[in-house]
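**Student:** Have a look at this one.
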Amino acid sequence: MKNIALIGCGAIGSSVLELLSGDTRLQVGWVLVPEITPAVRETAARLAPQAQLLQALPGDAVPDLLVECAGHAAIEEHVLPALARGIPAVIASIGALSAPGMAERVQAAAEAGKTQAQLLSGAIGGIDALAAARVGGLDTVLYTGRKPPKAWSGTPAEQVCDLDGLTEAFCIFEGSAREAAQLYPKNANVAATLSLAGLGLDKTMVRLFADPAVQENVHQVEARGAFGAMELTMRGKPLAANPKTSALTVYSVVRAVLNNVAPLAI
Ligand SMILES: NC(=O)C1=CN([C@@H]2O[C@H](COP(=O)(O)OP(=O)(O)OC[C@H]3O[C@@H](n4cnc5c(N)ncnc54)[C@H](O)[C@@H]3O)[C@@H](O)[C@H]2O)C=CC1
Ligand SMILES: O=C([O-])CC(=O)C(=O)O
């Protein structure tokens with residue numbers, strides 16, 4: 001039985017616990033959160049009663065897999081030390097790798113621990129195709145992210161428009177994936193994921209829209225290169241517990257965990 005450490009128990013983490021509970025091939029042995037709130041206690045008691053609720057992984061704990069679904073800060077705080085200790089990790093907060101030197105630090109920690117960090121596809125599809133296309137050479141990758149105005153609350157979008165008063169789509173950001181991921185850490189992980197799979201953080205162009213006409217989180221990718229061309233549109237249903245996050249992100253985390261315990265992985 002594989003023993004999992006889950007970092008973060010918010011909209012994604014609690015849904016992941018729900019979907020994994022009852023699977024006899026694994027157990028969640030640790031749930032790591034900055035504050036052990038009554039809500040976290042209740043969720044863990046219901047869905048992972050065996051789990052220890054802690055702020056950090058104890059030095060003598062050796063999970064088979066660390067699952068990050070917490071936010072950018074968790075990479076520095078939990079993922080780097082675990083990788084360096086040889087614990088493999090799957091990462092949802094991929095935008096964290098847009099900080100100067102962070103992608104290299106994740107790689108170095110995994111090398112030091114002789115293990116691997118896996119970047120999840122999260123809310124976007126087509127990462128397999130883009131990463132394969134990169135081998136032949138990519139010319140352009142453009143990502144357009146479109147979410148309802150409320151998904152942009154508490155972000156720098158509030159400084160460039162009146163989110164509540166929008167009557168049509170408003171472009172809140174245009175620039176590189178690196179800038180997008182830094183400015184919108186809870187909304188532009190997809191931009192970072194696409195760029196790490198494809199043309200890199202500085203050459204992948206990003207446009208972000210607050211759009212009162214959409215109910216879903218809409219992700220569009222246009223890529224061209226030696227392989228030909230790719231056009232992709234995802235219309236992700238947002239999670240009720242967090243409108244910034246698409247439900248597919250949860251399923252992507254669960255897929256990665258199950259691939260770790262399945263005799264046939266896909
Ligand atoms: N790759 C992708 O497509 C996507 C990635 N994400 C990433 O997943 C993260 C979590 O998303 P949600 O669950 O919707 O957010 P949420 O705000 O509902 O939950 C975050 C959870 O992580 C905990 N947390 C925060 N900082 C932490 C830290 N330093 N160490 C440990 N735990 C910490 C919080 O206490 C909370 O339990 C986002 O911040 C984003 O970085 C989110 C959506 C899509
Ligand atoms: O869940 C989504 O639709 C995408 C998202 O928040 C991100 O890219 O950070």
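Ordered as shown in the structure tokens, chains take letters A, B, and onward, while each chain numbers its residues from 1 and ligands are numbered from 1 in the order shown.
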Output as number ranges by chain all residues of range 43-195 of chain A that backbone DSSP marks as alpha helix (DSSP H).

**Tutor:** A: 43-47, 73-74, 80-84, 102-112, 127-136, 157-160, 177-183, 189-195

**Student:** Pick out the residues sitting within 12 Å of range 14-22 of chain A, and hand them over as a PyMOL selection string; count only C-alpha atoms, and ignore anything fewer than 2 positions along from it in its own chain.

**Tutor:** chain A and resi 4-12+24-31+33+39-51+67-70+239-242+245-258+261

**Student:** Compare A:Asp139, A:Asp64, A:Asp211, A:Glu222 by their minimum atom-to-atom distance to Asn260 in chain A, counting only C-alpha atoms, and give me the closest one.

**Tutor:** A:Asp64

**Student:** Please identify the strand (DSSP E or B) residues within range 15-264 of chain A (assignment by DSSP from backbone atoms) and present them as an mmCIF file with C-alpha atoms, in the first residue's frame.

**Tutor:**
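Here's the written file out_15.cif:
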```
data_model
loop_
_atom_site.group_PDB
_atom_site.id
_atom_site.type_symbol
_atom_site.label_atom_id
_atom_site.label_comp_id
_atom_site.auth_asym_id
_atom_site.auth_seq_id
_atom_site.Cartn_x
_atom_site.Cartn_y
_atom_site.Cartn_z
ATOM 1 C CA LEU A 26 -3.182 3.687 -1.025
ATOM 2 C CA GLN A 27 -3.678 5.723 2.093
ATOM 3 C CA VAL A 28 -3.149 9.383 2.867
ATOM 4 C CA GLY A 29 -0.816 9.306 5.854
ATOM 5 C CA TRP A 30 -0.153 13.042 6.172
ATOM 6 C CA VAL A 31 -2.081 16.228 5.367
ATOM 7 C CA LEU A 32 0.124 19.328 5.530
ATOM 8 C CA GLN A 52 -1.682 13.059 10.656
ATOM 9 C CA LEU A 53 -2.542 16.756 10.302
ATOM 10 C CA LEU A 54 0.667 18.747 10.470
ATOM 11 C CA LEU A 65 4.559 10.254 -2.920
ATOM 12 C CA LEU A 66 4.128 13.932 -2.042
ATOM 13 C CA VAL A 67 1.088 15.543 -3.683
ATOM 14 C CA GLU A 68 1.149 19.342 -3.856
ATOM 15 C CA ALA A 89 6.417 14.701 -5.849
ATOM 16 C CA VAL A 90 3.567 15.705 -8.130
ATOM 17 C CA ILE A 91 3.043 19.449 -8.454
ATOM 18 C CA ALA A 117 9.113 15.860 -9.687
ATOM 19 C CA GLN A 118 6.144 15.504 -12.020
ATOM 20 C CA LEU A 119 4.395 18.626 -13.271
ATOM 21 C CA LEU A 138 7.940 25.030 -32.012
ATOM 22 C CA ASP A 139 7.526 28.455 -33.655
ATOM 23 C CA THR A 140 4.693 30.050 -31.660
ATOM 24 C CA VAL A 141 2.496 29.191 -28.683
ATOM 25 C CA LEU A 142 -0.353 31.510 -27.687
ATOM 26 C CA TYR A 143 -2.478 30.872 -24.609
ATOM 27 C CA THR A 144 -5.736 32.720 -23.967
ATOM 28 C CA GLY A 145 -7.368 32.309 -20.548
ATOM 29 C CA ARG A 146 -10.922 33.508 -20.019
ATOM 30 C CA LYS A 147 -12.770 33.336 -16.703
ATOM 31 C CA PHE A 170 -11.944 42.813 -20.768
ATOM 32 C CA CYS A 171 -8.294 41.929 -21.443
ATOM 33 C CA ILE A 172 -6.700 42.180 -17.986
ATOM 34 C CA PHE A 173 -3.248 40.982 -19.063
ATOM 35 C CA GLU A 174 -1.151 40.556 -22.198
ATOM 36 C CA GLY A 175 2.486 39.476 -21.993
ATOM 37 C CA SER A 176 4.750 36.516 -21.319
ATOM 38 C CA MET A 205 2.496 34.622 -25.207
ATOM 39 C CA VAL A 206 -0.476 34.962 -22.861
ATOM 40 C CA ARG A 207 -3.722 36.919 -22.858
ATOM 41 C CA LEU A 208 -6.078 36.814 -19.884
ATOM 42 C CA PHE A 209 -9.707 38.009 -19.972
ATOM 43 C CA ALA A 210 -12.358 38.706 -17.362
ATOM 44 C CA ASN A 217 -12.913 28.715 -17.127
ATOM 45 C CA VAL A 218 -12.054 28.747 -20.833
ATOM 46 C CA HIS A 219 -8.503 27.861 -21.883
ATOM 47 C CA GLN A 220 -7.436 28.219 -25.525
ATOM 48 C CA VAL A 221 -4.100 27.145 -26.972
ATOM 49 C CA GLU A 222 -2.777 27.831 -30.474
ATOM 50 C CA ALA A 223 0.601 26.306 -31.316
ATOM 51 C CA ARG A 224 2.599 26.054 -34.550
ATOM 52 C CA GLY A 225 5.845 24.319 -35.367
ATOM 53 C CA GLY A 228 2.070 21.224 -37.890
ATOM 54 C CA ALA A 229 -0.491 23.151 -35.828
ATOM 55 C CA MET A 230 -2.633 22.635 -32.757
ATOM 56 C CA GLU A 231 -5.758 24.449 -31.609
ATOM 57 C CA LEU A 232 -7.385 23.496 -28.338
ATOM 58 C CA THR A 233 -10.282 24.877 -26.314
ATOM 59 C CA MET A 234 -11.120 23.636 -22.807
ATOM 60 C CA ARG A 235 -14.274 24.816 -21.021
ATOM 61 C CA GLY A 236 -13.581 23.786 -17.450
ATOM 62 C CA PRO A 238 -15.113 25.764 -11.821
ATOM 63 C CA LEU A 239 -15.128 24.136 -8.385
ATOM 64 C CA ASN A 242 -13.071 28.029 -5.468
ATOM 65 C CA PRO A 243 -14.228 29.662 -8.731
ATOM 66 C CA LYS A 244 -10.591 30.295 -9.729
ATOM 67 C CA THR A 245 -9.967 26.530 -9.989
ATOM 68 C CA SER A 246 -11.372 24.142 -12.612
#
```

**Student:** Please determine, counting only C-alpha atoms and all ligand atoms, which residue among A:Ala262, A:Leu163, A:Ala56, A:Ala82 has the shortest atom-to-atom distance to ligand 1.

**Tutor:**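 Looking at the shortest contact to ligand 1, the residue is A:Ala56.
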
**Student:** Nearest to ligand 1: which of A:Lys186, A:Lys237, A:Arg178, A:Arg105 is it, counting only C-alpha atoms and all ligand atoms?

**Tutor:**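 Result for the nearest residue to ligand 1: A:Lys186.
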
**Student:** From the set A:Lys150, A:Arg134, A:His72, A:Lys2, which residue has the shortest atom-to-atom contact distance to Gly95 in chain A, counting only C-alpha atoms?

**Tutor:** A:His72

**Student:** Given only C-alpha atoms as the basis, pick out the residue of A:Leu83, A:Leu97, A:Ala226, A:Leu183 nearest to Gly154 in chain A.

**Tutor:**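 Smallest separation from Gly154 in chain A among the options: A:Leu183.
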
**Student:** Could you pull the residues within 12 Å of Ala108 in chain A, counting only C-alpha atoms, minus those fewer than 2 positions along the same chain, as a PDB file with all heavy atoms, in the first residue's frame?

**Tutor:**
```
ATOM      1  N   VAL A  79       8.030  21.051  -1.063  1.00  0.00           N
ATOM      2  CA  VAL A  79       8.410  20.167  -2.176  1.00  0.00           C
ATOM      3  C   VAL A  79       9.927  20.059  -2.297  1.00  0.00           C
ATOM      4  O   VAL A  79      10.473  18.951  -2.421  1.00  0.00           O
ATOM      5  CB  VAL A  79       7.762  20.640  -3.502  1.00  0.00           C
ATOM      6  CG1 VAL A  79       8.243  19.805  -4.670  1.00  0.00           C
ATOM      7  CG2 VAL A  79       6.240  20.581  -3.398  1.00  0.00           C
ATOM      8  N   LEU A  80      10.631  21.197  -2.237  1.00  0.00           N
ATOM      9  CA  LEU A  80      12.101  21.142  -2.390  1.00  0.00           C
ATOM     10  C   LEU A  80      12.746  20.253  -1.322  1.00  0.00           C
ATOM     11  O   LEU A  80      13.537  19.359  -1.667  1.00  0.00           O
ATOM     12  CB  LEU A  80      12.701  22.557  -2.358  1.00  0.00           C
ATOM     13  CG  LEU A  80      12.436  23.444  -3.587  1.00  0.00           C
ATOM     14  CD1 LEU A  80      13.035  24.831  -3.380  1.00  0.00           C
ATOM     15  CD2 LEU A  80      12.987  22.812  -4.846  1.00  0.00           C
ATOM     16  N   PRO A  81      12.416  20.450  -0.013  1.00  0.00           N
ATOM     17  CA  PRO A  81      13.053  19.566   0.982  1.00  0.00           C
ATOM     18  C   PRO A  81      12.693  18.098   0.797  1.00  0.00           C
ATOM     19  O   PRO A  81      13.538  17.222   1.003  1.00  0.00           O
ATOM     20  CB  PRO A  81      12.550  20.096   2.331  1.00  0.00           C
ATOM     21  CG  PRO A  81      11.611  21.219   2.060  1.00  0.00           C
ATOM     22  CD  PRO A  81      11.618  21.516   0.602  1.00  0.00           C
ATOM     23  N   LEU A  83      11.906  16.495  -2.055  1.00  0.00           N
ATOM     24  CA  LEU A  83      12.637  15.966  -3.215  1.00  0.00           C
ATOM     25  C   LEU A  83      14.090  15.678  -2.826  1.00  0.00           C
ATOM     26  O   LEU A  83      14.633  14.617  -3.151  1.00  0.00           O
ATOM     27  CB  LEU A  83      12.611  16.969  -4.371  1.00  0.00           C
ATOM     28  CG  LEU A  83      11.290  17.128  -5.127  1.00  0.00           C
ATOM     29  CD1 LEU A  83      11.381  18.297  -6.097  1.00  0.00           C
ATOM     30  CD2 LEU A  83      10.927  15.836  -5.873  1.00  0.00           C
ATOM     31  N   ALA A  84      14.688  16.612  -2.111  1.00  0.00           N
ATOM     32  CA  ALA A  84      16.101  16.447  -1.728  1.00  0.00           C
ATOM     33  C   ALA A  84      16.284  15.218  -0.836  1.00  0.00           C
ATOM     34  O   ALA A  84      17.354  14.614  -0.817  1.00  0.00           O
ATOM     35  CB  ALA A  84      16.599  17.712  -1.024  1.00  0.00           C
ATOM     36  N   ARG A  85      15.209  14.836  -0.117  1.00  0.00           N
ATOM     37  CA  ARG A  85      15.266  13.626   0.727  1.00  0.00           C
ATOM     38  C   ARG A  85      14.907  12.357  -0.036  1.00  0.00           C
ATOM     39  O   ARG A  85      14.813  11.280   0.546  1.00  0.00           O
ATOM     40  CB  ARG A  85      14.297  13.784   1.901  1.00  0.00           C
ATOM     41  CG  ARG A  85      14.814  14.708   3.003  1.00  0.00           C
ATOM     42  CD  ARG A  85      13.759  14.898   4.077  1.00  0.00           C
ATOM     43  NE  ARG A  85      13.202  13.638   4.528  1.00  0.00           N
ATOM     44  CZ  ARG A  85      12.003  13.495   5.099  1.00  0.00           C
ATOM     45  NH1 ARG A  85      11.239  14.547   5.287  1.00  0.00           N
ATOM     46  NH2 ARG A  85      11.572  12.308   5.483  1.00  0.00           N
ATOM     47  N   GLY A  86      14.623  12.513  -1.336  1.00  0.00           N
ATOM     48  CA  GLY A  86      14.365  11.319  -2.154  1.00  0.00           C
ATOM     49  C   GLY A  86      12.892  10.972  -2.285  1.00  0.00           C
ATOM     50  O   GLY A  86      12.554   9.887  -2.760  1.00  0.00           O
ATOM     51  N   GLY A 101      15.069  31.136 -11.089  1.00  0.00           N
ATOM     52  CA  GLY A 101      15.851  30.013 -10.561  1.00  0.00           C
ATOM     53  C   GLY A 101      15.046  28.868  -9.983  1.00  0.00           C
ATOM     54  O   GLY A 101      15.615  27.836  -9.622  1.00  0.00           O
ATOM     55  N   MET A 102      13.726  29.009  -9.890  1.00  0.00           N
ATOM     56  CA  MET A 102      12.955  27.961  -9.188  1.00  0.00           C
ATOM     57  C   MET A 102      12.883  26.654  -9.982  1.00  0.00           C
ATOM     58  O   MET A 102      12.989  25.568  -9.397  1.00  0.00           O
ATOM     59  CB  MET A 102      11.555  28.480  -8.848  1.00  0.00           C
ATOM     60  CG  MET A 102      10.758  27.530  -7.981  1.00  0.00           C
ATOM     61  SD  MET A 102      11.640  26.980  -6.487  1.00  0.00           S
ATOM     62  CE  MET A 102      10.888  28.006  -5.248  1.00  0.00           C
ATOM     63  N   ALA A 103      12.720  26.734 -11.305  1.00  0.00           N
ATOM     64  CA  ALA A 103      12.667  25.498 -12.093  1.00  0.00           C
ATOM     65  C   ALA A 103      13.980  24.728 -11.914  1.00  0.00           C
ATOM     66  O   ALA A 103      13.986  23.503 -11.726  1.00  0.00           O
ATOM     67  CB  ALA A 103      12.421  25.816 -13.564  1.00  0.00           C
ATOM     68  N   GLU A 104      15.097  25.476 -11.906  1.00  0.00           N
ATOM     69  CA  GLU A 104      16.419  24.846 -11.738  1.00  0.00           C
ATOM     70  C   GLU A 104      16.554  24.249 -10.330  1.00  0.00           C
ATOM     71  O   GLU A 104      17.132  23.185 -10.148  1.00  0.00           O
ATOM     72  CB  GLU A 104      17.535  25.875 -11.958  1.00  0.00           C
ATOM     73  CG  GLU A 104      17.660  26.387 -13.383  1.00  0.00           C
ATOM     74  CD  GLU A 104      16.603  27.427 -13.760  1.00  0.00           C
ATOM     75  OE1 GLU A 104      15.857  27.896 -12.863  1.00  0.00           O
ATOM     76  OE2 GLU A 104      16.503  27.764 -14.953  1.00  0.00           O
ATOM     77  N   ARG A 105      15.974  24.936  -9.332  1.00  0.00           N
ATOM     78  CA  ARG A 105      16.070  24.419  -7.955  1.00  0.00           C
ATOM     79  C   ARG A 105      15.262  23.134  -7.783  1.00  0.00           C
ATOM     80  O   ARG A 105      15.678  22.213  -7.076  1.00  0.00           O
ATOM     81  CB  ARG A 105      15.610  25.492  -6.957  1.00  0.00           C
ATOM     82  CG  ARG A 105      16.607  26.640  -6.861  1.00  0.00           C
ATOM     83  CD  ARG A 105      16.107  27.702  -5.914  1.00  0.00           C
ATOM     84  NE  ARG A 105      16.059  27.222  -4.546  1.00  0.00           N
ATOM     85  CZ  ARG A 105      15.319  27.769  -3.592  1.00  0.00           C
ATOM     86  NH1 ARG A 105      14.536  28.795  -3.859  1.00  0.00           N
ATOM     87  NH2 ARG A 105      15.353  27.302  -2.368  1.00  0.00           N
ATOM     88  N   VAL A 106      14.094  23.072  -8.424  1.00  0.00           N
ATOM     89  CA  VAL A 106      13.281  21.849  -8.341  1.00  0.00           C
ATOM     90  C   VAL A 106      14.059  20.695  -8.983  1.00  0.00           C
ATOM     91  O   VAL A 106      14.160  19.592  -8.427  1.00  0.00           O
ATOM     92  CB  VAL A 106      11.904  22.052  -9.025  1.00  0.00           C
ATOM     93  CG1 VAL A 106      11.159  20.730  -9.158  1.00  0.00           C
ATOM     94  CG2 VAL A 106      11.063  23.063  -8.244  1.00  0.00           C
ATOM     95  N   ALA A 110      15.541  17.317  -7.040  1.00  0.00           N
ATOM     96  CA  ALA A 110      15.181  15.962  -7.474  1.00  0.00           C
ATOM     97  C   ALA A 110      16.433  15.158  -7.819  1.00  0.00           C
ATOM     98  O   ALA A 110      16.536  13.968  -7.498  1.00  0.00           O
ATOM     99  CB  ALA A 110      14.236  16.025  -8.666  1.00  0.00           C
ATOM    100  N   GLU A 111      17.397  15.826  -8.443  1.00  0.00           N
ATOM    101  CA  GLU A 111      18.669  15.141  -8.772  1.00  0.00           C
ATOM    102  C   GLU A 111      19.399  14.727  -7.505  1.00  0.00           C
ATOM    103  O   GLU A 111      19.882  13.603  -7.386  1.00  0.00           O
ATOM    104  CB  GLU A 111      19.552  16.066  -9.609  1.00  0.00           C
ATOM    105  CG  GLU A 111      19.341  15.855 -11.099  1.00  0.00           C
ATOM    106  CD  GLU A 111      19.958  16.965 -11.948  1.00  0.00           C
ATOM    107  OE1 GLU A 111      20.767  17.759 -11.411  1.00  0.00           O
ATOM    108  OE2 GLU A 111      19.600  17.047 -13.121  1.00  0.00           O
ATOM    109  N   ALA A 112      19.439  15.652  -6.531  1.00  0.00           N
ATOM    110  CA  ALA A 112      20.136  15.365  -5.268  1.00  0.00           C
ATOM    111  C   ALA A 112      19.480  14.179  -4.566  1.00  0.00           C
ATOM    112  O   ALA A 112      20.166  13.343  -3.967  1.00  0.00           O
ATOM    113  CB  ALA A 112      20.113  16.606  -4.372  1.00  0.00           C
ATOM    114  N   GLY A 113      18.148  14.089  -4.623  1.00  0.00           N
ATOM    115  CA  GLY A 113      17.431  13.006  -3.946  1.00  0.00           C
ATOM    116  C   GLY A 113      17.270  11.775  -4.821  1.00  0.00           C
ATOM    117  O   GLY A 113      16.619  10.814  -4.415  1.00  0.00           O
ATOM    118  N   LYS A 114      17.834  11.828  -6.034  1.00  0.00           N
ATOM    119  CA  LYS A 114      17.698  10.715  -7.000  1.00  0.00           C
ATOM    120  C   LYS A 114      16.224  10.323  -7.171  1.00  0.00           C
ATOM    121  O   LYS A 114      15.843   9.149  -7.119  1.00  0.00           O
ATOM    122  CB  LYS A 114      18.523   9.496  -6.568  1.00  0.00           C
ATOM    123  CG  LYS A 114      20.012   9.769  -6.520  1.00  0.00           C
ATOM    124  CD  LYS A 114      20.765   8.483  -6.262  1.00  0.00           C
ATOM    125  CE  LYS A 114      22.264   8.630  -6.383  1.00  0.00           C
ATOM    126  NZ  LYS A 114      22.875   9.728  -5.625  1.00  0.00           N
ATOM    127  N   THR A 115      15.384  11.344  -7.325  1.00  0.00           N
ATOM    128  CA  THR A 115      13.960  11.089  -7.499  1.00  0.00           C
ATOM    129  C   THR A 115      13.419  11.986  -8.592  1.00  0.00           C
ATOM    130  O   THR A 115      14.207  12.518  -9.400  1.00  0.00           O
ATOM    131  CB  THR A 115      13.226  11.257  -6.152  1.00  0.00           C
ATOM    132  OG1 THR A 115      11.877  10.841  -6.315  1.00  0.00           O
ATOM    133  CG2 THR A 115      13.259  12.688  -5.629  1.00  0.00           C
ATOM    134  N   GLN A 116      12.096  12.176  -8.649  1.00  0.00           N
ATOM    135  CA  GLN A 116      11.508  12.930  -9.757  1.00  0.00           C
ATOM    136  C   GLN A 116      10.351  13.799  -9.293  1.00  0.00           C
ATOM    137  O   GLN A 116       9.565  13.388  -8.426  1.00  0.00           O
ATOM    138  CB  GLN A 116      10.992  11.944 -10.811  1.00  0.00           C
ATOM    139  CG  GLN A 116      10.676  12.595 -12.139  1.00  0.00           C
ATOM    140  CD  GLN A 116      10.282  11.576 -13.201  1.00  0.00           C
ATOM    141  OE1 GLN A 116       9.418  10.727 -12.980  1.00  0.00           O
ATOM    142  NE2 GLN A 116      10.901  11.659 -14.361  1.00  0.00           N
ATOM    143  N   ALA A 117      10.278  14.998  -9.875  1.00  0.00           N
ATOM    144  CA  ALA A 117       9.113  15.860  -9.687  1.00  0.00           C
ATOM    145  C   ALA A 117       8.305  15.801 -10.971  1.00  0.00           C
ATOM    146  O   ALA A 117       8.856  15.977 -12.053  1.00  0.00           O
ATOM    147  CB  ALA A 117       9.548  17.292  -9.425  1.00  0.00           C
TER     148      ALA A 117
END
```

**Student:** Grab the atom 24 (N, counted along the ligand's line) of ligand 1 to CA of Tyr184 in chain A distance for me, in Å with one decimal place.

**Tutor:** 16.1 Å

**Student:** May I ask for the distance between CA of Ala181 in chain A and atom 3 (O, counted along the ligand's line) of ligand 2, given in Å to one decimal place?

**Tutor:**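 So the two atoms, CA of Ala181 in chain A and atom 3 (O, counted along the ligand's line) of ligand 2, lie 13.0 Å apart.
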